[in-house]
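Novice: Quick one: structure below, then a few questions.
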Amino acid sequence: MGYTVLGWKEVKLDLVHHFLTLYSMFVYLTHRRMFKVVRLLLLTEITTPLVHIRWILIKLGFSGQSIFLLSVATLIGFLVFRVANCIYMLVVIGSVGFKPLWESDPVVCVTIWLLVVILLCLNSFWTALMLRKALKVVSGKEAVHVDQDHLLESPQN
């Protein structure tokens, strides 16, 4: 994500998200029984290429329908792979199959549960922002455009 076009609030949320993902990998490496949840956590990252491709296309000056379609794909990806997937992870962590793990290592279970709740909140926030923007564009209240102030400038020779 281009940190020059983001505000500090978004940068902090992005850093929290990446820290939590790294923590989940650490838990996987130290507690192999959490593999299902960590695998689901890593599945949330499937939308990352869409976010970066959209950002690159905007930087290259693309606008209009191509950016709009990529934004819709990103929004759907966030809903499926980030929000719904986090809700499913909470169900998996609370399932009967995880009872032995809760009894043997409750600290890891609680931290992973908290991690998923925090990621669910972050992903819901980002999805709500995208949905609000999409509704404005679809309703005609806002045009699809590129903010010219943030485009990369070519080096001058």
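Labels for the structure tokens follow display order: chains A, B, ..., residues from 1 in each chain, ligands from 1.
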Enumerate, in order of chain and increasing residue number, the residues of segment 84-104 of chain A with an atom no farther than 10 Å from segment 30-45 of chain A, each with its shortest atom pair and distance in Å to one decimal, counting only C-alpha atoms, as JSON lines.

Specialist:
{"residue": "A:Ala84", "atom": "CA", "partner": "A:Thr44", "partner_atom": "CA", "distance": 9.8}
{"residue": "A:Asn85", "atom": "CA", "partner": "A:Leu40", "partner_atom": "CA", "distance": 7.1}
{"residue": "A:Cys86", "atom": "CA", "partner": "A:Leu41", "partner_atom": "CA", "distance": 7.6}
{"residue": "A:Tyr88", "atom": "CA", "partner": "A:Leu40", "partner_atom": "CA", "distance": 8.8}
{"residue": "A:Met89", "atom": "CA", "partner": "A:Val37", "partner_atom": "CA", "distance": 6.2}
{"residue": "A:Leu90", "atom": "CA", "partner": "A:Val37", "partner_atom": "CA", "distance": 8.9}
{"residue": "A:Val92", "atom": "CA", "partner": "A:Val37", "partner_atom": "CA", "distance": 7.4}
{"residue": "A:Ile93", "atom": "CA", "partner": "A:Val37", "partner_atom": "CA", "distance": 7.4}
{"residue": "A:Phe98", "atom": "CA", "partner": "A:Met34", "partner_atom": "CA", "distance": 9.0}
{"residue": "A:Leu101", "atom": "CA", "partner": "A:Arg33", "partner_atom": "CA", "distance": 7.7}

Novice: Identify, on the basis of only C-alpha atoms, every residue whose closest approach to Ile87 of chain A does not exceed 9 Å; exclude the query and any residue fewer than 6 positions from it along the same chain; express the result as an MDAnalysis selection string.

Specialist: chainID A and resid 116:117 120

Novice: For the residues in that selection, give me C-alpha atoms as a PDB file, in the first residue's frame.

Specialist:
ATOM      1  CA  VAL A 116      -9.118 -12.948  14.972  1.00  0.00           C
ATOM      2  CA  VAL A 117     -11.512 -10.528  16.693  1.00  0.00           C
ATOM      3  CA  LEU A 120     -12.406  -8.962  12.041  1.00  0.00           C
TER       4      LEU A 120
END

Novice: Could you check the closest approach to Leu13 of chain A for each of A:Val137, A:Leu122, A:Val108, A:Ala128 and tell me which residue wins, using only C-alpha atoms?

Specialist: A:Leu122

Novice: Report, in Å with one decimal, the straight-line distance from atom CA of Val80 of chain A to atom CA of Lys59 of chain A.

Specialist: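 Spanning atom CA of Val80 of chain A to atom CA of Lys59 of chain A is a straight-line distance of 26.7 Å.
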
Novice: Which residue, A:Ile67, A:Leu75, A:Leu50, A:Leu20, has the smallest gap to Leu115 of chain A when you use only C-alpha atoms?

Specialist: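 For Leu115 of chain A, the nearest of the given residues is A:Leu20.
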
Novice: May I have the residues within 10 Å of Ile76 of chain A as a CSV table (one decimal) with C-alpha atoms, in the first residue's frame, using only C-alpha atoms and disregarding those fewer than 3 positions away in the same chain?

Specialist:
chain,number,residue,atom,x,y,z
A,47,THR,CA,-7.0,-10.0,-1.5
A,70,LEU,CA,-11.1,-3.9,-9.7
A,71,SER,CA,-12.6,-2.1,-6.7
A,72,VAL,CA,-15.7,-4.2,-6.9
A,73,ALA,CA,-13.6,-7.4,-7.0
A,79,LEU,CA,-16.4,-9.6,2.2
A,80,VAL,CA,-15.6,-13.3,1.5
A,81,PHE,CA,-12.0,-13.8,2.4
A,82,ARG,CA,-11.6,-11.3,5.2
A,127,THR,CA,-14.9,-3.2,4.0
A,130,MET,CA,-15.0,0.5,0.5
A,131,LEU,CA,-18.8,-0.2,0.5

Novice: Going by DSSP on the backbone, which bits of chain A are helix (DSSP H, G or I)? Write them as a PyMOL selection string, please.

Specialist: chain A and resi 8-30+32-59+65-93+96-104+106-139+148-150

Novice: Taking only C-alpha atoms into account, name the residue in A:Val107, A:Leu135, A:Leu129, A:Ile112 that is nearest to Ser24 of chain A.

Specialist: A:Ile112

Novice: Between atom CA of Ile53 of chain A and atom CA of Ala134 of chain A, what is the distance in Å, rounded to a tenth?

Specialist: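 Interatomic distance here is 17.8 Å.
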
Novice: So which one's closest to Thr111 of chain A, A:Lys12, A:Val27, A:Val91, A:Gly97? Using only C-alpha atoms, please.

Specialist: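 Smallest distance to Thr111 of chain A is found for A:Val27.
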
Novice: Quick one: pull the distance between atom CA of Asp105 of chain A and atom CA of Leu119 of chain A, Å, one decimal.

Specialist: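 That distance, rounded to one decimal, is 21.5 Å.
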